[in-house]
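J.: What follows is the file protein.cif, containing mmCIF, C-alpha atoms and all ligand atoms:
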data_final
loop_
_atom_site.label_atom_id
_atom_site.label_comp_id
_atom_site.auth_asym_id
_atom_site.auth_seq_id
_atom_site.Cartn_x
_atom_site.Cartn_y
_atom_site.Cartn_z
CA MET A 3 96.17 86.59 105.85
CA ARG A 4 96.87 88.68 108.96
CA HIS A 5 99.50 91.20 107.72
CA PHE A 6 100.95 91.96 104.28
CA ILE A 7 104.58 92.91 104.73
CA SER A 8 106.39 90.58 102.29
CA VAL A 9 105.89 87.55 100.06
CA HIS A 10 106.16 85.40 103.21
CA ASP A 11 102.64 86.51 104.14
CA VAL A 12 101.26 84.88 100.98
CA THR A 13 100.44 81.17 100.94
CA ASN A 14 99.73 80.93 97.20
CA ILE A 15 101.01 83.64 94.84
CA ASP A 16 99.08 82.34 91.82
CA ALA A 17 95.81 82.27 93.78
CA LEU A 18 96.36 85.88 94.90
CA VAL A 19 97.17 86.91 91.33
CA SER A 20 93.98 85.19 90.10
CA LYS A 21 91.98 87.10 92.67
CA ALA A 22 93.55 90.37 91.53
CA LEU A 23 92.77 89.54 87.89
CA SER A 24 89.19 88.68 88.83
CA TYR A 25 88.78 92.15 90.38
CA LYS A 26 90.07 93.70 87.17
CA GLY A 27 87.17 91.98 85.39
CA ASP A 28 84.59 92.86 88.03
CA PRO A 29 85.80 95.58 90.44
CA LEU A 30 82.64 95.83 92.56
CA LYS A 31 81.79 92.15 92.99
CA ASP A 32 82.72 92.24 96.70
CA LYS A 33 81.34 95.70 97.42
CA LYS A 34 79.76 94.49 100.68
CA LEU A 35 82.84 92.72 102.07
CA GLY A 36 84.31 95.83 103.68
CA ALA A 37 81.06 97.48 104.78
CA ASN A 38 81.44 99.16 108.19
CA LYS A 39 85.22 98.62 108.11
CA ARG A 40 87.79 101.41 107.97
CA ILE A 41 91.36 101.47 106.68
CA GLY A 42 93.89 104.09 107.72
CA CYS A 43 96.60 104.82 105.16
CA LEU A 44 99.60 106.45 106.83
CA PHE A 45 102.24 108.09 104.67
CA LEU A 46 105.57 109.01 106.18
CA ASN A 47 106.81 109.60 102.60
CA PRO A 48 105.36 110.79 99.28
CA SER A 49 103.31 108.60 96.93
CA MET A 50 100.94 108.84 94.00
CA ARG A 51 100.14 105.32 92.73
CA THR A 52 100.18 103.51 96.06
CA ARG A 53 98.09 106.15 97.75
CA LEU A 54 95.40 106.39 95.07
CA SER A 55 95.22 102.71 94.15
CA THR A 56 94.90 101.60 97.77
CA GLN A 57 92.10 104.08 98.37
CA ILE A 58 90.25 102.95 95.25
CA ALA A 59 90.76 99.29 96.15
CA ALA A 60 89.36 99.83 99.66
CA GLN A 61 86.40 101.79 98.30
CA ASN A 62 85.67 99.04 95.76
CA LEU A 63 85.28 96.73 98.76
CA GLY A 64 82.95 99.17 100.49
CA MET A 65 85.48 100.30 103.10
CA ASP A 66 85.88 103.78 104.55
CA VAL A 67 89.34 105.20 103.94
CA ILE A 68 91.26 107.83 105.84
CA VAL A 69 94.62 109.00 104.52
CA PHE A 70 96.98 110.63 107.00
CA ASN A 71 100.25 112.19 105.80
CA VAL A 72 102.04 111.56 109.08
CA GLY A 73 105.36 112.64 107.59
CA SER A 74 104.18 116.18 106.82
CA GLU A 75 101.05 116.67 108.95
CA GLY A 76 101.46 114.49 112.03
CA TRP A 77 103.61 114.56 115.13
CA ALA A 78 107.16 113.34 114.55
CA LEU A 79 107.16 109.72 115.69
CA GLU A 80 109.79 107.94 117.79
CA PHE A 81 110.37 104.26 117.01
CA GLU A 82 113.28 103.24 119.28
CA GLU A 83 112.39 101.32 122.42
CA GLU A 84 113.33 103.07 125.68
CA ALA A 85 114.20 106.27 123.80
CA ILE A 86 114.80 109.38 125.89
CA MET A 87 112.67 111.70 123.80
CA SER A 88 114.56 114.94 124.33
CA GLY A 89 115.15 115.50 120.60
CA ASN A 90 112.77 116.21 117.71
CA THR A 91 110.38 113.28 118.09
CA VAL A 92 107.11 114.15 119.82
CA GLU A 93 105.15 110.90 120.14
CA HIS A 94 106.25 107.28 120.54
CA VAL A 95 104.85 104.68 118.17
CA LYS A 96 104.05 102.69 121.32
CA ASP A 97 101.48 105.39 122.16
CA ALA A 98 100.33 106.27 118.63
CA ALA A 99 99.91 102.79 117.10
CA PRO A 100 97.40 101.40 119.66
CA ILE A 101 95.25 104.51 119.04
CA MET A 102 95.33 103.76 115.31
CA GLY A 103 94.26 100.26 116.31
CA LYS A 104 91.16 101.75 117.94
CA TYR A 105 90.31 103.98 114.97
CA PHE A 106 90.87 101.48 112.14
CA ASP A 107 90.30 97.84 111.17
CA ILE A 108 93.37 97.77 108.90
CA LEU A 109 96.42 100.02 109.02
CA ALA A 110 98.49 100.59 105.88
CA ILE A 111 101.87 102.34 106.12
CA ARG A 112 104.49 103.77 103.80
CA THR A 113 107.87 104.41 105.30
CA PHE A 114 111.12 104.79 103.32
CA PRO A 115 114.67 103.95 104.44
CA SER A 116 117.07 106.66 105.57
CA LEU A 117 119.82 105.15 103.34
CA LYS A 118 122.29 106.21 106.06
CA ASN A 119 122.64 103.05 108.11
CA ARG A 120 122.02 99.67 106.50
CA GLU A 121 121.50 97.76 109.74
CA ASP A 122 118.86 100.25 110.86
CA ASP A 123 117.01 100.22 107.54
CA TYR A 124 117.18 96.44 107.12
CA SER A 125 115.89 95.93 110.67
CA GLU A 126 112.54 97.30 109.37
CA LEU A 127 112.00 98.85 112.80
CA PHE A 128 109.27 101.28 111.70
CA ILE A 129 106.85 98.78 110.19
CA LYS A 130 107.65 96.14 112.82
CA GLN A 131 106.79 98.59 115.58
CA PHE A 132 103.41 99.28 113.98
CA VAL A 133 102.78 95.52 113.73
CA LYS A 134 103.81 95.12 117.37
CA TYR A 135 101.74 97.94 118.82
CA ALA A 136 98.70 98.53 116.56
CA GLY A 137 96.98 95.23 117.35
CA ILE A 138 95.29 95.17 113.91
CA PRO A 139 96.41 93.93 110.48
CA VAL A 140 99.17 96.02 108.91
CA VAL A 141 99.75 96.40 105.17
CA SER A 142 103.04 97.67 103.80
CA LEU A 143 102.64 100.46 101.28
CA GLU A 144 106.45 100.19 100.87
CA SER A 145 108.81 99.81 103.76
CA ALA A 146 112.54 100.36 104.24
CA THR A 147 113.52 97.30 102.21
CA LEU A 148 110.45 95.94 100.36
CA HIS A 149 107.46 97.00 98.27
CA PRO A 150 105.15 93.95 98.24
CA LEU A 151 102.06 95.59 96.70
CA GLN A 152 104.22 96.67 93.76
CA SER A 153 105.67 93.17 93.39
CA LEU A 154 102.28 91.47 93.52
CA THR A 155 101.17 93.88 90.79
CA ASP A 156 104.28 93.03 88.78
CA VAL A 157 103.64 89.28 88.98
CA MET A 158 100.01 89.94 88.07
CA THR A 159 101.03 92.06 85.06
CA ILE A 160 103.47 89.40 83.84
CA THR A 161 100.83 86.67 84.30
CA GLU A 162 98.30 88.73 82.38
CA GLU A 163 100.75 89.28 79.51
CA ILE A 164 101.62 85.59 79.34
CA GLN A 165 97.90 84.74 79.26
CA LYS A 166 97.28 87.39 76.58
CA SER A 167 100.16 86.42 74.32
CA LYS A 168 99.13 85.01 70.98
CA VAL A 169 101.82 82.35 71.12
CA LYS A 170 100.86 80.45 74.25
CA ARG A 171 103.96 80.13 76.38
CA GLN A 172 104.59 78.10 79.45
CA ALA A 173 105.77 80.32 82.29
CA SER A 174 108.81 78.05 82.68
CA LYS A 175 109.95 79.13 79.19
CA VAL A 176 109.64 82.83 80.06
CA LYS A 177 112.76 84.87 80.82
CA ILE A 178 112.48 87.83 83.18
CA VAL A 179 115.36 90.28 83.56
CA LEU A 180 115.75 92.84 86.31
CA THR A 181 118.17 95.48 85.08
CA TRP A 182 119.76 98.31 87.02
CA ALA A 183 119.36 101.75 85.42
CA PRO A 184 121.12 105.06 86.09
CA HIS A 185 119.61 107.76 88.30
CA VAL A 186 120.69 111.12 89.65
CA LYS A 187 119.80 110.38 93.29
CA PRO A 188 120.53 107.45 95.60
CA LEU A 189 117.31 105.41 95.68
CA PRO A 190 116.22 102.62 98.04
CA GLN A 191 116.70 98.97 97.11
CA CYS A 192 113.05 98.19 98.04
CA VAL A 193 111.52 97.64 94.61
CA ALA A 194 114.46 95.59 93.33
CA ASN A 195 114.66 93.53 96.55
CA SER A 196 110.94 92.91 96.51
CA PHE A 197 110.75 92.07 92.81
CA ALA A 198 113.60 89.56 93.26
CA GLN A 199 111.97 88.09 96.36
CA TRP A 200 108.62 87.58 94.59
CA ILE A 201 109.98 86.24 91.30
CA ASN A 202 112.22 83.81 93.19
CA ALA A 203 109.31 82.68 95.38
CA TRP A 204 107.03 82.38 92.34
CA LYS A 205 109.50 79.86 90.84
CA GLN A 206 107.75 79.92 87.46
CA THR A 207 110.30 81.53 85.15
CA GLU A 208 113.96 81.97 84.35
CA PHE A 209 115.16 85.01 86.30
CA VAL A 210 118.29 87.07 85.61
CA ILE A 211 119.50 90.17 87.45
CA THR A 212 122.02 92.49 85.80
CA HIS A 213 123.79 95.47 87.36
CA PRO A 214 127.17 97.22 87.31
CA GLU A 215 129.96 96.41 89.76
CA ASP A 216 129.19 97.56 93.35
CA TYR A 217 125.42 97.31 92.95
CA GLU A 218 124.99 93.82 94.39
CA LEU A 219 121.73 93.39 96.30
CA SER A 220 121.24 91.36 99.47
CA LYS A 221 121.50 87.60 98.84
CA GLU A 222 118.48 87.24 101.11
CA PHE A 223 116.38 88.41 98.15
CA THR A 224 118.44 87.49 95.08
CA ASP A 225 119.35 83.86 95.89
CA GLY A 226 117.86 81.73 93.11
CA ALA A 227 118.45 84.28 90.34
CA THR A 228 121.30 84.30 87.83
CA ILE A 229 123.36 87.47 88.36
CA THR A 230 125.57 89.04 85.69
CA ARG A 231 127.30 92.38 85.02
CA ASP A 232 126.88 91.83 81.29
CA GLN A 233 123.63 93.61 80.48
CA ASP A 234 123.59 92.45 76.83
CA GLU A 235 124.00 88.82 77.85
CA ALA A 236 121.17 89.22 80.35
CA LEU A 237 118.85 90.87 77.84
CA ARG A 238 119.33 88.22 75.15
CA ASN A 239 115.97 86.48 74.53
CA ALA A 240 114.32 88.19 77.51
CA ASP A 241 110.51 88.28 77.49
CA PHE A 242 110.17 90.87 80.26
CA VAL A 243 112.66 93.55 81.23
CA TYR A 244 112.09 95.19 84.60
CA VAL A 245 114.02 98.44 84.78
CA LYS A 246 114.93 99.97 88.14
CA ASN A 247 117.64 102.02 89.75
CA TRP A 248 118.90 101.26 93.24
CA SER A 249 121.76 102.64 95.33
CA THR A 250 124.60 100.48 96.63
CA TYR A 251 123.90 97.85 99.29
CA ASN A 252 127.41 96.99 100.52
CA ASP A 253 128.84 100.51 100.87
CA TYR A 254 125.34 101.49 101.74
CA GLY A 255 123.18 104.09 99.98
CA LYS A 256 125.76 105.45 97.52
CA ILE A 257 125.91 106.17 93.80
CA TYR A 258 129.08 104.59 92.39
CA CYS A 259 128.11 104.53 88.74
CA ASN A 260 125.83 106.69 86.69
CA ASP A 261 126.86 105.26 83.34
CA PRO A 262 124.22 106.25 80.75
CA GLU A 263 125.21 103.09 78.83
CA TRP A 264 123.03 101.20 81.33
CA MET A 265 119.87 103.01 80.19
CA LEU A 266 117.63 100.68 78.19
CA THR A 267 117.27 101.78 74.58
CA LYS A 268 115.44 100.41 71.55
CA ASP A 269 118.77 99.13 70.26
CA LYS A 270 119.28 97.07 73.38
CA LEU A 271 115.70 95.87 73.29
CA SER A 272 116.32 94.43 69.83
CA ILE A 273 118.35 91.56 71.35
CA THR A 274 115.40 90.52 73.53
CA ASN A 275 112.50 88.31 72.53
CA ASN A 276 110.42 91.40 71.71
CA ALA A 277 110.36 91.99 75.46
CA LYS A 278 107.78 93.98 77.35
CA VAL A 279 109.32 96.66 79.54
CA MET A 280 108.23 97.33 83.11
CA HIS A 281 109.01 100.00 85.70
CA CYS A 282 107.25 100.75 88.99
CA LEU A 283 107.23 104.54 88.33
CA PRO A 284 107.92 107.36 88.89
CA VAL A 285 110.60 107.23 86.20
CA ARG A 286 113.23 109.78 85.18
CA ARG A 287 112.76 109.91 81.42
CA ASN A 288 115.94 109.65 79.35
CA VAL A 289 117.95 108.91 82.48
CA GLU A 290 116.48 105.60 83.67
CA LEU A 291 114.43 104.82 80.56
CA SER A 292 114.34 106.40 77.13
CA ASP A 293 111.31 108.15 75.63
CA GLU A 294 111.52 105.79 72.67
CA ILE A 295 110.76 102.85 74.96
CA LEU A 296 108.34 104.50 77.36
CA ASP A 297 106.25 105.82 74.47
CA SER A 298 106.34 102.55 72.50
CA PRO A 299 104.07 99.49 72.52
CA SER A 300 106.86 97.63 74.36
CA SER A 301 106.12 99.59 77.52
CA LEU A 302 103.75 98.09 80.11
CA VAL A 303 104.21 100.86 82.66
CA THR A 304 100.73 102.39 82.47
CA GLU A 305 99.00 99.01 82.49
CA GLU A 306 101.24 97.98 85.39
CA ALA A 307 100.38 101.09 87.43
CA GLY A 308 96.68 100.57 86.65
CA ASN A 309 96.96 97.05 88.03
CA ARG A 310 98.00 98.41 91.41
CA VAL A 311 94.28 98.78 92.24
CA TRP A 312 93.51 95.09 91.69
CA ALA A 313 96.55 93.86 93.58
CA ALA A 314 95.65 96.03 96.57
CA GLN A 315 92.03 94.87 96.38
CA ALA A 316 93.09 91.20 96.43
CA VAL A 317 95.27 91.78 99.49
CA LEU A 318 92.61 93.72 101.40
CA THR A 319 90.10 90.95 100.62
CA GLU A 320 92.46 88.31 102.04
CA ILE A 321 92.84 90.36 105.21
CA LEU A 322 89.11 91.10 105.55
CA ASN A 323 88.41 87.38 105.14
CA GLY A 324 90.90 86.80 107.96
N1 LIG A 401 105.34 102.68 92.34
C1 LIG A 401 104.94 103.40 93.40
O1 LIG A 401 104.91 102.90 94.52
O2 LIG A 401 104.54 104.66 93.11
P1 LIG A 401 104.23 105.80 94.19
O3 LIG A 401 105.53 106.07 94.91
O4 LIG A 401 103.74 106.97 93.42
O5 LIG A 401 103.22 105.25 95.16
#
Go ahead and express the file in the form of structure tokens.

T.:
Amino acid sequence: MRHFISVHDVTNIDALVSKALSYKGDPLKDKKLGANKRIGCLFLNPSMRTRLSTQIAAQNLGMDVIVFNVGSEGWALEFEEEAIMSGNTVEHVKDAAPIMGKYFDILAIRTFPSLKNREDDYSELFIKQFVKYAGIPVVSLESATLHPLQSLTDVMTITEEIQKSKVKRQASKVKIVLTWAPHVKPLPQCVANSFAQWINAWKQTEFVITHPEDYELSKEFTDGATITRDQDEALRNADFVYVKNWSTYNDYGKIYCNDPEWMLTKDKLSITNNAKVMHCLPVRRNVELSDEILDSPSSLVTEEAGNRVWAAQAVLTEILNG
């Protein structure tokens, strides 16, 4: 693997998941693999899980890690080609990225969308410019439209649950539902896009997406899933319910509906097949997801966030092995 930007960088999802699970069983087994290698983790936006889990993963492989909060501590970067830099940006990525390429062996970057202009966000200019100019492998720590480390973790967590379940189930009999949830702020579509992209590429399970009118996602990511506005119908017999808010895609970056009826409750969960509930976190309690679910045995959110370490470790190993 050269870069890790989307599911398209992965040749075998199950093999990558197995590697992640193997690190969960034995975190330090490849402690020498990253000796004398350094990863730079650049954050243009806030993070807790991604930041900490990626550092731990790199350290488990013996790598040096430097975290740089570019968004709050660095020079404001310019990403447009041929920009006349007479505004607020101080340094062009064309100048900054090759320097990162000298300092690091792997560059990992988090950069959120503006949610102002869909074409700009979906062009993924920021991460593409780092890939173009850094000259070293680039890992997405969440980009304008995708969050691949989260999605790999999610597939890993689902796989682990299927393997753990007392009643052995074939993945093909498993039903996964991605449901929209209310939120007070317009959020990116990244996690939902990425989850849909990975579950569709995985091709192991039944996959249903449910959301209110106006919250359609890009077909680029959802094609292959069943899509319905009837949340109850979607939830019926579900084995996994992935809860996430996203803002509108068509009339870009808006909140059209904040209907609390869309929040998953224990009542709604009763029509599932005793489903496990997932969320990437952070979560707005009693807006996106109720306390009664988050604090119940149905919730996988803490296990899921813990698994972020092993997913990141599997990806870094693939890159270090070239
Ligand atoms: N899920 C996730 O990416 O969390 P952070 O934003 O805290 O990294």

J.: Between A:Val69, A:Ile257, A:Leu291, A:Met50, which residue has the minimum interatomic distance to ligand LIG 401 (chain A), considering all atoms listed in the file?

T.: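 Among the listed residues, the smallest separation from ligand LIG 401 (chain A) belongs to A:Met50.
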
J.: Per residue of chain A within 8 Å of ligand LIG 401 (chain A), what are the shortest atom pair and its distance in Å to one decimal, counting only C-alpha atoms and all ligand atoms, with rows by chain and residue number, as JSON lines?

T.:
{"residue": "A:Pro48", "atom": "CA", "partner": "A:LIG401", "partner_atom": "O3", "distance": 6.4}
{"residue": "A:Ser49", "atom": "CA", "partner": "A:LIG401", "partner_atom": "O5", "distance": 3.8}
{"residue": "A:Met50", "atom": "CA", "partner": "A:LIG401", "partner_atom": "O4", "distance": 3.4}
{"residue": "A:Arg51", "atom": "CA", "partner": "A:LIG401", "partner_atom": "O5", "distance": 3.9}
{"residue": "A:Thr52", "atom": "CA", "partner": "A:LIG401", "partner_atom": "O5", "distance": 3.6}
{"residue": "A:Arg53", "atom": "CA", "partner": "A:LIG401", "partner_atom": "O5", "distance": 5.8}
{"residue": "A:Leu54", "atom": "CA", "partner": "A:LIG401", "partner_atom": "O5", "distance": 7.9}
{"residue": "A:Leu143", "atom": "CA", "partner": "A:LIG401", "partner_atom": "O1", "distance": 7.5}
{"residue": "A:Glu144", "atom": "CA", "partner": "A:LIG401", "partner_atom": "O1", "distance": 7.1}
{"residue": "A:His149", "atom": "CA", "partner": "A:LIG401", "partner_atom": "O1", "distance": 7.4}
{"residue": "A:Gln152", "atom": "CA", "partner": "A:LIG401", "partner_atom": "N1", "distance": 6.3}
{"residue": "A:Cys282", "atom": "CA", "partner": "A:LIG401", "partner_atom": "N1", "distance": 4.3}
{"residue": "A:Leu283", "atom": "CA", "partner": "A:LIG401", "partner_atom": "N1", "distance": 4.8}
{"residue": "A:Pro284", "atom": "CA", "partner": "A:LIG401", "partner_atom": "O2", "distance": 6.0}
{"residue": "A:Ala307", "atom": "CA", "partner": "A:LIG401", "partner_atom": "N1", "distance": 7.2}

J.: Go ahead and write the residues just picked, C-alpha atoms, as a PDB file, keeping the file's coordinate frame.

T.:
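again_31.pdb, freshly written:
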ATOM      1  CA  PRO A  48     105.360 110.790  99.280  1.00  0.00           C
ATOM      2  CA  SER A  49     103.310 108.600  96.930  1.00  0.00           C
ATOM      3  CA  MET A  50     100.940 108.840  94.000  1.00  0.00           C
ATOM      4  CA  ARG A  51     100.140 105.320  92.730  1.00  0.00           C
ATOM      5  CA  THR A  52     100.180 103.510  96.060  1.00  0.00           C
ATOM      6  CA  ARG A  53      98.090 106.150  97.750  1.00  0.00           C
ATOM      7  CA  LEU A  54      95.400 106.390  95.070  1.00  0.00           C
ATOM      8  CA  LEU A 143     102.640 100.460 101.280  1.00  0.00           C
ATOM      9  CA  GLU A 144     106.450 100.190 100.870  1.00  0.00           C
ATOM     10  CA  HIS A 149     107.460  97.000  98.270  1.00  0.00           C
ATOM     11  CA  GLN A 152     104.220  96.670  93.760  1.00  0.00           C
ATOM     12  CA  CYS A 282     107.250 100.750  88.990  1.00  0.00           C
ATOM     13  CA  LEU A 283     107.230 104.540  88.330  1.00  0.00           C
ATOM     14  CA  PRO A 284     107.920 107.360  88.890  1.00  0.00           C
ATOM     15  CA  ALA A 307     100.380 101.090  87.430  1.00  0.00           C
TER      16      ALA A 307
END

J.: What is the distance between atom CA of Asn309 of chain A and atom CA of His5 of chain A, in Å to one decimal?

T.: 20.7 Å

J.: Could you check how far atom CA of Thr113 of chain A sits from atom CA of Ala85 of chain A, in Å to one decimal?

T.: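 We find that atom CA of Thr113 of chain A and atom CA of Ala85 of chain A lie 19.6 Å from each other.
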
J.: Could you check the closest approach to Phe70 of chain A for each of A:Asn90, A:Asn38, A:Gln57, A:Asn288 and tell me which residue wins, using all atoms listed in the file?

T.: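 Ranked by minimum distance to Phe70 of chain A, first place goes to A:Gln57.
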
J.: Using all atoms listed in the file, can you tell me which of A:Ala99, A:Ala78, A:Ile164, A:Leu151 comes closest to Trp312 of chain A?

T.: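 Closest to Trp312 of chain A of all the choices is A:Leu151.
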